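Below: the structure, in structure tokens.
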Amino acid sequence: EGVGGYKEGGSFPVHLANAVTCIDAHKSNSSLVLTGGADSKVVLFNVATGQQAAKMEGHTKAINRVLLHPTAGTAFSCSADKTVRAWAADGKAVHTWKQHKKDVTGLSLHATGDYLVSASMDATWAFYDIATGTCRKSVSTEGAGFSVATFHPDGLILGTGLADGTVAVWDVKSQANALSFAAHKDGVVSLAFSENGYSLATCGKDGCNVWDLRKVAKQGADAAAVKTFAGASSSAVFDYSGSYIAVGSDKDLAVYMCKTWADVLHVKGAHKAAVTGVAWGPDAQFIATSGKDKCVKVFK
């Protein structure tokens, strides 16, 4: 029965009385998730034991995105305090980057694991060398600020979502804008590529849209979504095998089969307040969600 039979297997108030604003799950360690909170804290949490593994303190405003490095044991976060931070596994600060002038809203790890990109509401994106802690490139753009940024699995292009609902795709080497299209009526709040690189899922107040990038490349600015899931959605992510897409929409968690878009799992009221993030555990062993109801939940 697999994913379709998943039920709530744990609920944790990781940030105590504060909303949990974002979540990431480790790509190989099936017990670790990383969360960010409205309390400006980043927490490495063990969902198997229900215990905090490390707390990362240093940001001064709400956390917008968190990332766990798949192999190095390091963690990354970005915040409304305009900074990006890198953390060691024990919670100690490794780097603080201050490239941006407004909220940092996008954070993504390059396929090599050696580089990080951040994007901000100040309409800039920046590219960092993780080992040295240097910012290699900062790219300023005209127009709306960035609300999300995600590397394509091939590492050659960067997908960004803008506060005006546009998706802009960039060539990482040349920093040229390769493609832009209107994806949502409002800001794009989540952007995820499938592992094979053919599909893109974006979220906004008007729903979750799935795009076939091969079609989008031909359609250009007139791109049309191949599937729309209705309802204000905050997060959508493909599992590593590309079989499923998990969507956090309002207070619900839904999982659909890729290509057929069949409804696999629907957890109504997964959270008591809006879902803020969704993450797949390794090999789709579980789905972790974060919410404004101050909880991290695990479905397995």
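Here, A, B, ... name the chains of the structure tokens in the order displayed, residue numbers run from 1 inside each chain, and ligands are numbered from 1 in the same displayed order.
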Surrounding residues of A:Gly197 excluding itself and chain neighbours under 6 positions, 10 Å, only C-alpha atoms, as a PyMOL selection string = chain A and resi 152-154+212-214+242
Would you tabulate, counting only C-alpha atoms, all residues of stretch 110-157 of chain A that have an atom at most 9 Å from an atom of stretch 64-76 of chain A, showing the closest pair of atoms and their distance in Å to one decimal, sorted by chain then ascending number, as a Markdown table?
| residue | atom | partner | partner_atom | distance |
| --- | --- | --- | --- | --- |
| A:Gly113 | CA | A:His69 | CA | 7.1 |
| A:Leu116 | CA | A:Phe76 | CA | 8.9 |
| A:Val148 | CA | A:Arg65 | CA | 9.0 |
Counting only C-alpha atoms, which of A:Ser180, A:Thr134, A:Thr202, A:Ser234 gets nearest to A:Ala221?
-> A:Ser180
Distance query A:Asn209 at most 6 Å, only C-alpha atoms, self and fewer than 3 positions along chain excluded, as a VMD selection string = chain A and resid 201 to 202 225 227 to 228
Counting only C-alpha atoms, what is within 10 Å of A:Gln52, bar same-chain residues fewer than 2 positions away, as a VMD selection string?
-> chain A and resid 14 32 to 34 43 to 47 49 to 50 54 to 55
Among stretch 110-299 of chain A, which ones does DSSP place in strand (DSSP E), written as a PyMOL selection string?
-> chain A and resi 115-120+124-129+134-140+146-151+157-162+166-171+177-182+190-193+199-204+207-212+227-229+233-238+244-249+252-257+263-267+275-280+287-291+296-299
